[in-house]
Amino acid sequence: MEFRVLQYFLAVTREQSISGAADALHLSQPTLSRQLHELEDELGKQLFIRGHRKITLTEEGMILRKRAEEITTLMQMAKDEISLADRSLSGDVYIGAGETQAVRYLSCAAKGLQEEYPQIRYHIASGDTIDVIEHLDRGLIDFGLVFGGLDTSKHEYITLPVKDTYGILMRRDSPLAKKTDIEPTDLWDKPIIFNRNTKDGCALTRWLRKRLFELNIISTYNLLYNGSLMVEEGLGYAFALNGIINTQGSPLCFRPLSPPLEAEIYVIWKRYQVLSKPAEKFLLKLQGLL
């Protein structure tokens with residue numbers, strides 16, 4: 001399977017037609033059609049459903065599109081790193097981050113490095129621990145900012161000198177809003193909204209002293225903003241980290257847990273990975289802040 005043919009395939013998925021993709025690629029339609037048929041023959045799968053006006057992807061085609069996008073992203077990153085190697089330091093640093101005030105440490109490192117190397121660019125993609133580790137392991141980002149989830153056989157890490165505090169996000173008119181803090185028994189009979197990373201045996205279920213099947217889990221989220229909308233509509237009580245959702249002037253409020261529960265925060269990167277020069281400089285700058 002040639003990289004060039006994958007680019008052709010992606011062009012067809014974007015344009016949703018052979019003719020549109022052929023025009024964008026400056027190829028003849030017969031040439032492009034032949035390349036696509038050869039790709040399907042090589043894989044032994046039909047990738048497209050060819051309609052009169054529009055081409056749609058089969059299930060196998062959707063799988064290939066996802067992988068092809070990852071491959072082209074990695075190829076572009078490699079090309080950029082090599083082409084910029086002999087210039088004054090410039091390039092890109094890719095970071096995946098959960099929702100936390102600790103992103104300020106990354107921003108501070110980027111700001112400090114910007115003064116020395118103004119041509120370095122920073123790209124931060126938001127996601128939970130599952131998203132961040134998946135993108136890191138696939139080589140799509142250089143660093144991940146996560147809460148736990150460490151696998152020291154695969155990842156190097158540094159611990160940030162700050163911890164986030166867990167609590168419950170709820171409506172101001174909820175019965176539990178009258179309390180100054182929330183105890184495990186307060187939630188045993190309440191509808192709960194968890195982050196999707198929550199598993200039996202994790203810090204939250206240990207704090208609750210319950211297994212997941214014993215609780216009334218009404219919903220899960222991966223980004224707290226979406227979870228906060230469910231809370232606002234009265235769906236349930238959401239476990240959350242303090243400071244992520246601004247409750248000032250909103251119908252929501254935050255109450256800490258009792259006993260308190262804190263989350264350690266780590267910056268991780270792939271063990272044995274050869275970092276790009278911009279990523280190396282960023283890591284050194286970040287370590288210098290700690």
# chains A, B, ... in the order shown; residues from 1 in each chain; ligands from 1

$ residues_around --residues "region 54-69 of chain A" --least-positions-apart "4" --cutoff "12 Å" --atoms "only C-alpha atoms" --output "VMD selection string"
chain A and resid 1 to 21 36 39 to 40 43 to 50 73 to 76 138 140

$ residues_around --residues "Asp137 (chain A)" --least-positions-apart "3" --cutoff "9 Å" --atoms "only C-alpha atoms" --output "ChimeraX atom specification"
/A:132-134,140-141,154,269-270

$ write_last_selection --atoms "all heavy atoms" --output "mmCIF file, in the first residue's frame"
data_model
loop_
_atom_site.group_PDB
_atom_site.id
_atom_site.type_symbol
_atom_site.label_atom_id
_atom_site.label_comp_id
_atom_site.auth_asym_id
_atom_site.auth_seq_id
_atom_site.Cartn_x
_atom_site.Cartn_y
_atom_site.Cartn_z
ATOM 1 N N VAL A 132 -5.845 10.879 25.663
ATOM 2 C CA VAL A 132 -4.468 11.374 25.677
ATOM 3 C C VAL A 132 -3.480 10.229 25.512
ATOM 4 O O VAL A 132 -2.556 10.300 24.689
ATOM 5 C CB VAL A 132 -4.196 12.155 26.979
ATOM 6 C CG1 VAL A 132 -2.705 12.473 27.105
ATOM 7 C CG2 VAL A 132 -5.004 13.446 26.995
ATOM 8 N N ILE A 133 -3.664 9.144 26.272
ATOM 9 C CA ILE A 133 -2.720 8.024 26.188
ATOM 10 C C ILE A 133 -2.802 7.348 24.822
ATOM 11 O O ILE A 133 -1.778 6.955 24.245
ATOM 12 C CB ILE A 133 -2.985 7.029 27.327
ATOM 13 C CG1 ILE A 133 -2.599 7.669 28.670
ATOM 14 C CG2 ILE A 133 -2.207 5.730 27.109
ATOM 15 C CD1 ILE A 133 -2.846 6.793 29.876
ATOM 16 N N GLU A 134 -4.007 7.239 24.266
ATOM 17 C CA GLU A 134 -4.151 6.643 22.933
ATOM 18 C C GLU A 134 -3.395 7.459 21.888
ATOM 19 O O GLU A 134 -2.670 6.901 21.058
ATOM 20 C CB GLU A 134 -5.631 6.560 22.565
ATOM 21 C CG GLU A 134 -5.898 5.937 21.197
ATOM 22 C CD GLU A 134 -7.376 5.833 20.875
ATOM 23 O OE1 GLU A 134 -8.198 5.796 21.815
ATOM 24 O OE2 GLU A 134 -7.707 5.813 19.671
ATOM 25 N N LEU A 140 0.931 10.624 17.892
ATOM 26 C CA LEU A 140 0.266 11.813 17.361
ATOM 27 C C LEU A 140 0.521 13.051 18.215
ATOM 28 O O LEU A 140 0.261 14.170 17.764
ATOM 29 C CB LEU A 140 -1.245 11.569 17.247
ATOM 30 C CG LEU A 140 -1.643 10.398 16.344
ATOM 31 C CD1 LEU A 140 -3.153 10.179 16.397
ATOM 32 C CD2 LEU A 140 -1.187 10.643 14.913
ATOM 33 N N ILE A 141 0.993 12.849 19.444
ATOM 34 C CA ILE A 141 1.360 13.969 20.311
ATOM 35 C C ILE A 141 2.707 13.651 20.953
ATOM 36 O O ILE A 141 3.135 12.496 21.010
ATOM 37 C CB ILE A 141 0.301 14.241 21.400
ATOM 38 C CG1 ILE A 141 0.051 12.981 22.244
ATOM 39 C CG2 ILE A 141 -0.995 14.752 20.788
ATOM 40 C CD1 ILE A 141 -0.924 13.180 23.388
ATOM 41 N N LYS A 154 5.966 1.942 29.678
ATOM 42 C CA LYS A 154 5.782 2.575 28.373
ATOM 43 C C LYS A 154 6.072 4.072 28.383
ATOM 44 O O LYS A 154 6.386 4.637 27.343
ATOM 45 C CB LYS A 154 4.334 2.363 27.896
ATOM 46 C CG LYS A 154 3.959 0.924 27.639
ATOM 47 C CD LYS A 154 2.465 0.761 27.430
ATOM 48 C CE LYS A 154 1.927 1.585 26.291
ATOM 49 N NZ LYS A 154 0.472 1.385 26.102
ATOM 50 N N TRP A 269 5.460 11.105 28.528
ATOM 51 C CA TRP A 269 5.858 10.964 27.128
ATOM 52 C C TRP A 269 6.362 9.539 26.937
ATOM 53 O O TRP A 269 6.626 8.816 27.894
ATOM 54 C CB TRP A 269 6.918 11.998 26.731
ATOM 55 C CG TRP A 269 8.215 11.933 27.485
ATOM 56 C CD1 TRP A 269 9.378 11.348 27.097
ATOM 57 C CD2 TRP A 269 8.478 12.511 28.789
ATOM 58 N NE1 TRP A 269 10.345 11.495 28.060
ATOM 59 C CE2 TRP A 269 9.832 12.218 29.101
ATOM 60 C CE3 TRP A 269 7.722 13.246 29.702
ATOM 61 C CZ2 TRP A 269 10.421 12.625 30.306
ATOM 62 C CZ3 TRP A 269 8.304 13.650 30.886
ATOM 63 C CH2 TRP A 269 9.637 13.345 31.188
ATOM 64 N N LYS A 270 6.458 9.109 25.691
ATOM 65 C CA LYS A 270 6.797 7.718 25.401
ATOM 66 C C LYS A 270 8.236 7.415 25.801
ATOM 67 O O LYS A 270 9.149 8.170 25.487
ATOM 68 C CB LYS A 270 6.588 7.408 23.915
ATOM 69 C CG LYS A 270 5.137 7.327 23.505
ATOM 70 C CD LYS A 270 4.982 7.117 22.007
ATOM 71 C CE LYS A 270 5.443 5.740 21.588
ATOM 72 N NZ LYS A 270 5.160 5.487 20.152
#

$ select_by_dssp --residues "region 128-197 of chain A" --states "helix (DSSP H, G or I)" --output "list in words"
Thr129, Ile130, Asp131, Val132, Ile133, Glu134, His135, Leu136, Asp137, Pro175, Leu176, Ala177, Lys178, Pro184, Thr185, Asp186 and Leu187 of chain A

$ write_last_selection --atoms "all heavy atoms" --output "tab-separated table (two decimals), in the first residue's frame"
chain	number	residue	atom	x	y	z
A	129	THR	N	-8.05	11.00	29.99
A	129	THR	CA	-6.85	10.16	30.04
A	129	THR	C	-6.83	9.12	28.93
A	129	THR	O	-5.78	8.86	28.33
A	129	THR	CB	-6.75	9.48	31.42
A	129	THR	OG1	-6.60	10.50	32.42
A	129	THR	CG2	-5.55	8.56	31.49
A	130	ILE	N	-7.99	8.52	28.63
A	130	ILE	CA	-8.05	7.52	27.56
A	130	ILE	C	-7.62	8.12	26.23
A	130	ILE	O	-6.79	7.56	25.51
A	130	ILE	CB	-9.47	6.95	27.45
A	130	ILE	CG1	-9.82	6.09	28.68
A	130	ILE	CG2	-9.62	6.10	26.17
A	130	ILE	CD1	-11.24	5.59	28.70
A	131	ASP	N	-8.18	9.29	25.90
A	131	ASP	CA	-7.84	9.96	24.63
A	131	ASP	C	-6.35	10.30	24.57
A	131	ASP	O	-5.67	10.06	23.57
A	131	ASP	CB	-8.64	11.25	24.47
A	131	ASP	CG	-10.13	11.01	24.36
A	131	ASP	OD1	-10.53	10.00	23.76
A	131	ASP	OD2	-10.90	11.85	24.86
A	132	VAL	N	-5.84	10.88	25.66
A	132	VAL	CA	-4.47	11.37	25.68
A	132	VAL	C	-3.48	10.23	25.51
A	132	VAL	O	-2.56	10.30	24.69
A	132	VAL	CB	-4.20	12.15	26.98
A	132	VAL	CG1	-2.71	12.47	27.10
A	132	VAL	CG2	-5.00	13.45	27.00
A	133	ILE	N	-3.66	9.14	26.27
A	133	ILE	CA	-2.72	8.02	26.19
A	133	ILE	C	-2.80	7.35	24.82
A	133	ILE	O	-1.78	6.96	24.25
A	133	ILE	CB	-2.99	7.03	27.33
A	133	ILE	CG1	-2.60	7.67	28.67
A	133	ILE	CG2	-2.21	5.73	27.11
A	133	ILE	CD1	-2.85	6.79	29.88
A	134	GLU	N	-4.01	7.24	24.27
A	134	GLU	CA	-4.15	6.64	22.93
A	134	GLU	C	-3.39	7.46	21.89
A	134	GLU	O	-2.67	6.90	21.06
A	134	GLU	CB	-5.63	6.56	22.56
A	134	GLU	CG	-5.90	5.94	21.20
A	134	GLU	CD	-7.38	5.83	20.87
A	134	GLU	OE1	-8.20	5.80	21.81
A	134	GLU	OE2	-7.71	5.81	19.67
A	135	HIS	N	-3.54	8.78	21.92
A	135	HIS	CA	-2.84	9.63	20.95
A	135	HIS	C	-1.33	9.61	21.19
A	135	HIS	O	-0.55	9.63	20.23
A	135	HIS	CB	-3.37	11.06	21.04
A	135	HIS	CG	-4.68	11.26	20.35
A	135	HIS	ND1	-5.87	10.86	20.90
A	135	HIS	CD2	-4.99	11.81	19.14
A	135	HIS	CE1	-6.86	11.16	20.06
A	135	HIS	NE2	-6.35	11.72	19.00
A	136	LEU	N	-0.91	9.54	22.45
A	136	LEU	CA	0.51	9.48	22.75
A	136	LEU	C	1.13	8.20	22.22
A	136	LEU	O	2.18	8.21	21.57
A	136	LEU	CB	0.72	9.60	24.26
A	136	LEU	CG	2.17	9.68	24.73
A	136	LEU	CD1	2.79	11.00	24.31
A	136	LEU	CD2	2.26	9.52	26.25
A	137	ASP	N	0.47	7.08	22.46
A	137	ASP	CA	1.02	5.79	22.04
A	137	ASP	C	1.04	5.65	20.53
A	137	ASP	O	1.84	4.88	19.98
A	137	ASP	CB	0.22	4.64	22.66
A	137	ASP	CG	0.44	4.53	24.18
A	137	ASP	OD1	1.42	5.11	24.68
A	137	ASP	OD2	-0.38	3.86	24.85
A	175	PRO	N	-30.77	19.21	46.94
A	175	PRO	CA	-30.75	18.99	48.39
A	175	PRO	C	-29.34	19.02	48.98
A	175	PRO	O	-29.13	19.57	50.07
A	175	PRO	CB	-31.40	17.61	48.56
A	175	PRO	CG	-32.27	17.46	47.35
A	175	PRO	CD	-31.55	18.16	46.24
A	176	LEU	N	-28.35	18.47	48.26
A	176	LEU	CA	-26.98	18.40	48.80
A	176	LEU	C	-26.27	19.74	48.75
A	176	LEU	O	-25.22	19.90	49.37
A	176	LEU	CB	-26.17	17.35	48.04
A	176	LEU	CG	-26.61	15.90	48.20
A	176	LEU	CD1	-25.65	14.97	47.46
A	176	LEU	CD2	-26.70	15.50	49.66
A	177	ALA	N	-26.82	20.72	48.04
A	177	ALA	CA	-26.18	22.03	47.95
A	177	ALA	C	-26.18	22.76	49.29
A	177	ALA	O	-25.40	23.70	49.50
A	177	ALA	CB	-26.86	22.88	46.89
A	178	LYS	N	-27.03	22.33	50.22
A	178	LYS	CA	-27.07	22.96	51.53
A	178	LYS	C	-25.87	22.57	52.39
A	178	LYS	O	-25.60	23.19	53.41
A	178	LYS	CB	-28.37	22.57	52.24
A	178	LYS	CG	-29.62	23.03	51.52
A	178	LYS	CD	-30.88	22.49	52.19
A	178	LYS	CE	-32.14	22.88	51.42
A	178	LYS	NZ	-33.37	22.29	52.03
A	184	PRO	N	-19.47	10.16	51.43
A	184	PRO	CA	-19.86	9.04	50.56
A	184	PRO	C	-21.32	8.64	50.69
A	184	PRO	O	-22.01	8.43	49.68
A	184	PRO	CB	-18.93	7.91	51.03
A	184	PRO	CG	-17.72	8.61	51.54
A	184	PRO	CD	-18.22	9.87	52.18
A	185	THR	N	-21.83	8.58	51.91
A	185	THR	CA	-23.22	8.13	52.10
A	185	THR	C	-24.24	9.08	51.47
A	185	THR	O	-25.36	8.67	51.17
A	185	THR	CB	-23.52	7.98	53.60
A	185	THR	OG1	-23.20	9.20	54.29
A	185	THR	CG2	-22.70	6.83	54.21
A	186	ASP	N	-23.84	10.35	51.27
A	186	ASP	CA	-24.75	11.31	50.65
A	186	ASP	C	-25.12	10.90	49.22
A	186	ASP	O	-26.18	11.30	48.71
A	186	ASP	CB	-24.12	12.70	50.61
A	186	ASP	CG	-23.92	13.30	51.99
A	186	ASP	OD1	-24.74	13.01	52.87
A	186	ASP	OD2	-22.94	14.06	52.17
A	187	LEU	N	-24.24	10.14	48.58
A	187	LEU	CA	-24.41	9.84	47.16
A	187	LEU	C	-24.90	8.43	46.88
A	187	LEU	O	-25.15	8.08	45.72
A	187	LEU	CB	-23.07	10.07	46.43
A	187	LEU	CG	-22.55	11.50	46.46
A	187	LEU	CD1	-21.10	11.55	46.02
A	187	LEU	CD2	-23.40	12.41	45.57

$ residues_around --residues "Leu215 (chain A)" --least-positions-apart "3" --cutoff "9 Å" --atoms "only C-alpha atoms" --output "JSON, numbers by chain"
{"A": [187, 188, 189, 190, 191, 192, 210, 211, 212]}

$ write_last_selection --atoms "all heavy atoms" --output "CSV table (one decimal), in the first residue's frame"
chain,number,residue,atom,x,y,z
A,187,LEU,N,-24.2,10.1,48.6
A,187,LEU,CA,-24.4,9.8,47.2
A,187,LEU,C,-24.9,8.4,46.9
A,187,LEU,O,-25.2,8.1,45.7
A,187,LEU,CB,-23.1,10.1,46.4
A,187,LEU,CG,-22.6,11.5,46.5
A,187,LEU,CD1,-21.1,11.6,46.0
A,187,LEU,CD2,-23.4,12.4,45.6
A,188,TRP,N,-25.0,7.6,47.9
A,188,TRP,CA,-25.4,6.2,47.7
A,188,TRP,C,-26.7,6.0,47.0
A,188,TRP,O,-26.9,5.0,46.3
A,188,TRP,CB,-25.3,5.4,49.0
A,188,TRP,CG,-23.9,5.2,49.5
A,188,TRP,CD1,-22.7,5.5,48.8
A,188,TRP,CD2,-23.5,4.6,50.7
A,188,TRP,NE1,-21.6,5.2,49.6
A,188,TRP,CE2,-22.1,4.6,50.7
A,188,TRP,CE3,-24.2,4.1,51.8
A,188,TRP,CZ2,-21.4,4.1,51.8
A,188,TRP,CZ3,-23.5,3.5,52.9
A,188,TRP,CH2,-22.1,3.5,52.9
A,189,ASP,N,-27.6,7.0,47.2
A,189,ASP,CA,-29.0,6.8,46.6
A,189,ASP,C,-29.3,7.9,45.6
A,189,ASP,O,-30.4,8.1,45.2
A,189,ASP,CB,-30.1,6.9,47.7
A,189,ASP,CG,-30.1,8.2,48.5
A,189,ASP,OD1,-29.1,9.0,48.4
A,189,ASP,OD2,-31.1,8.5,49.2
A,190,LYS,N,-28.2,8.6,45.2
A,190,LYS,CA,-28.4,9.7,44.2
A,190,LYS,C,-27.9,9.3,42.8
A,190,LYS,O,-27.1,8.4,42.6
A,190,LYS,CB,-27.5,10.9,44.6
A,190,LYS,CG,-27.9,11.5,46.0
A,190,LYS,CD,-29.3,12.1,46.0
A,190,LYS,CE,-29.6,12.8,47.3
A,190,LYS,NZ,-29.5,12.0,48.5
A,191,PRO,N,-28.5,9.9,41.8
A,191,PRO,CA,-28.1,9.7,40.4
A,191,PRO,C,-26.7,10.3,40.2
A,191,PRO,O,-26.5,11.5,40.4
A,191,PRO,CB,-29.1,10.3,39.5
A,191,PRO,CG,-29.8,11.3,40.4
A,191,PRO,CD,-29.7,10.8,41.8
A,192,ILE,N,-25.7,9.5,39.7
A,192,ILE,CA,-24.3,10.0,39.7
A,192,ILE,C,-23.9,10.1,38.2
A,192,ILE,O,-24.2,9.2,37.4
A,192,ILE,CB,-23.4,9.1,40.4
A,192,ILE,CG1,-23.8,9.1,41.9
A,192,ILE,CG2,-21.9,9.5,40.3
A,192,ILE,CD1,-23.0,8.1,42.7
A,210,LYS,N,-18.0,1.8,47.5
A,210,LYS,CA,-19.0,1.0,46.8
A,210,LYS,C,-18.4,0.6,45.5
A,210,LYS,O,-17.5,1.2,44.9
A,210,LYS,CB,-20.2,1.9,46.5
A,210,LYS,CG,-21.1,2.3,47.7
A,210,LYS,CD,-21.9,1.1,48.2
A,210,LYS,CE,-22.9,1.5,49.3
A,210,LYS,NZ,-23.7,0.4,49.8
A,211,ARG,N,-18.9,-0.5,44.9
A,211,ARG,CA,-18.6,-0.9,43.5
A,211,ARG,C,-19.6,-0.2,42.6
A,211,ARG,O,-20.7,0.2,43.0
A,211,ARG,CB,-18.6,-2.4,43.4
A,211,ARG,CG,-17.6,-3.1,44.3
A,211,ARG,CD,-17.6,-4.6,44.0
A,211,ARG,NE,-17.1,-4.9,42.7
A,211,ARG,CZ,-17.0,-6.1,42.2
A,211,ARG,NH1,-17.4,-7.1,42.9
A,211,ARG,NH2,-16.5,-6.3,41.0
A,212,LEU,N,-19.2,-0.1,41.3
A,212,LEU,CA,-20.0,0.6,40.4
A,212,LEU,C,-21.5,0.1,40.3
A,212,LEU,O,-22.4,0.8,40.2
A,212,LEU,CB,-19.4,0.7,39.0
A,212,LEU,CG,-18.0,1.5,38.9
A,212,LEU,CD1,-17.5,1.4,37.5
A,212,LEU,CD2,-18.3,2.9,39.3

$ atom_distance --atom1 "CA of Leu224 (chain A)" --atom2 "CA of Leu241 (chain A)"
8.9 Å

$ select_by_dssp --residues "region 38-240 of chain A" --states "strand (DSSP E or B)" --output "count of residues only"
58

$ residues_around --residues "region 249-251 of chain A" --least-positions-apart "3" --cutoff "12 Å" --atoms "only C-alpha atoms" --output "list in words"
Leu169, Met170, Arg171, Arg172, Asp173, Ser174, Ala177, Ser228, Leu229, Val231, Glu232, Glu233, Gly234, Ile245, Asn246 and Phe254 of chain A

$ residues_around --residues "Asn222 (chain A)" --least-positions-apart "2" --cutoff "9 Å" --atoms "only C-alpha atoms" --output "PyMOL selection string"
chain A and resi 127-131+194-197+220+224-227

$ atom_distance --atom1 "CA of Ser90 (chain A)" --atom2 "CA of Ala109 (chain A)"
15.7 Å

$ residues_around --residues "region 278-283 of chain A" --least-positions-apart "4" --cutoff "12 Å" --atoms "only C-alpha atoms" --output "PyMOL selection string"
chain A and resi 80-81+84-85+87-95+105-114+116-123+141-144+156-158+267-269+273-274+287-290

$ atom_distance --atom1 "CA of Lys79 (chain A)" --atom2 "CA of His37 (chain A)"
28.7 Å

$ decode --residues "region 222-265 of chain A" --atoms "C-alpha atoms" --output "PDB file, in the first residue's frame"
ATOM      1  CA  ASN A 222     -15.237  12.551  28.858  1.00  0.00           C
ATOM      2  CA  LEU A 223     -15.144  16.372  28.974  1.00  0.00           C
ATOM      3  CA  LEU A 224     -16.646  18.039  32.023  1.00  0.00           C
ATOM      4  CA  TYR A 225     -18.331  20.860  30.112  1.00  0.00           C
ATOM      5  CA  ASN A 226     -20.725  18.322  28.604  1.00  0.00           C
ATOM      6  CA  GLY A 227     -21.194  16.750  32.021  1.00  0.00           C
ATOM      7  CA  SER A 228     -22.002  20.162  33.488  1.00  0.00           C
ATOM      8  CA  LEU A 229     -24.828  20.629  30.982  1.00  0.00           C
ATOM      9  CA  MET A 230     -26.360  17.344  32.120  1.00  0.00           C
ATOM     10  CA  VAL A 231     -26.074  18.507  35.728  1.00  0.00           C
ATOM     11  CA  GLU A 232     -27.666  21.839  34.851  1.00  0.00           C
ATOM     12  CA  GLU A 233     -30.636  20.014  33.334  1.00  0.00           C
ATOM     13  CA  GLY A 234     -31.088  18.099  36.581  1.00  0.00           C
ATOM     14  CA  LEU A 235     -29.880  14.711  35.367  1.00  0.00           C
ATOM     15  CA  GLY A 236     -27.686  14.018  38.392  1.00  0.00           C
ATOM     16  CA  TYR A 237     -24.616  14.842  40.486  1.00  0.00           C
ATOM     17  CA  ALA A 238     -21.247  14.870  38.685  1.00  0.00           C
ATOM     18  CA  PHE A 239     -17.876  14.022  40.158  1.00  0.00           C
ATOM     19  CA  ALA A 240     -15.559  16.807  39.027  1.00  0.00           C
ATOM     20  CA  LEU A 241     -12.289  18.580  39.710  1.00  0.00           C
ATOM     21  CA  ASN A 242     -12.455  22.020  41.263  1.00  0.00           C
ATOM     22  CA  GLY A 243     -11.981  25.077  39.069  1.00  0.00           C
ATOM     23  CA  ILE A 244     -12.815  23.451  35.727  1.00  0.00           C
ATOM     24  CA  ILE A 245     -16.361  24.802  35.497  1.00  0.00           C
ATOM     25  CA  ASN A 246     -16.875  28.436  36.460  1.00  0.00           C
ATOM     26  CA  THR A 247     -19.933  28.334  38.714  1.00  0.00           C
ATOM     27  CA  GLN A 248     -19.966  32.075  39.420  1.00  0.00           C
ATOM     28  CA  GLY A 249     -23.378  33.431  38.465  1.00  0.00           C
ATOM     29  CA  SER A 250     -24.532  30.033  37.161  1.00  0.00           C
ATOM     30  CA  PRO A 251     -27.228  27.661  38.466  1.00  0.00           C
ATOM     31  CA  LEU A 252     -24.438  25.259  39.473  1.00  0.00           C
ATOM     32  CA  CYS A 253     -22.258  24.955  42.552  1.00  0.00           C
ATOM     33  CA  PHE A 254     -19.288  22.817  43.612  1.00  0.00           C
ATOM     34  CA  ARG A 255     -18.892  21.056  46.941  1.00  0.00           C
ATOM     35  CA  PRO A 256     -15.642  19.299  47.984  1.00  0.00           C
ATOM     36  CA  LEU A 257     -15.542  15.725  49.200  1.00  0.00           C
ATOM     37  CA  SER A 258     -15.141  14.714  52.824  1.00  0.00           C
ATOM     38  CA  PRO A 259     -12.763  13.108  53.522  1.00  0.00           C
ATOM     39  CA  PRO A 260     -10.860  15.162  50.903  1.00  0.00           C
ATOM     40  CA  LEU A 261      -9.710  13.472  47.708  1.00  0.00           C
ATOM     41  CA  GLU A 262      -6.961  14.880  45.506  1.00  0.00           C
ATOM     42  CA  ALA A 263      -5.635  13.889  42.078  1.00  0.00           C
ATOM     43  CA  GLU A 264      -1.939  13.871  41.256  1.00  0.00           C
ATOM     44  CA  ILE A 265      -1.120  15.275  37.839  1.00  0.00           C
TER      45      ILE A 265
END
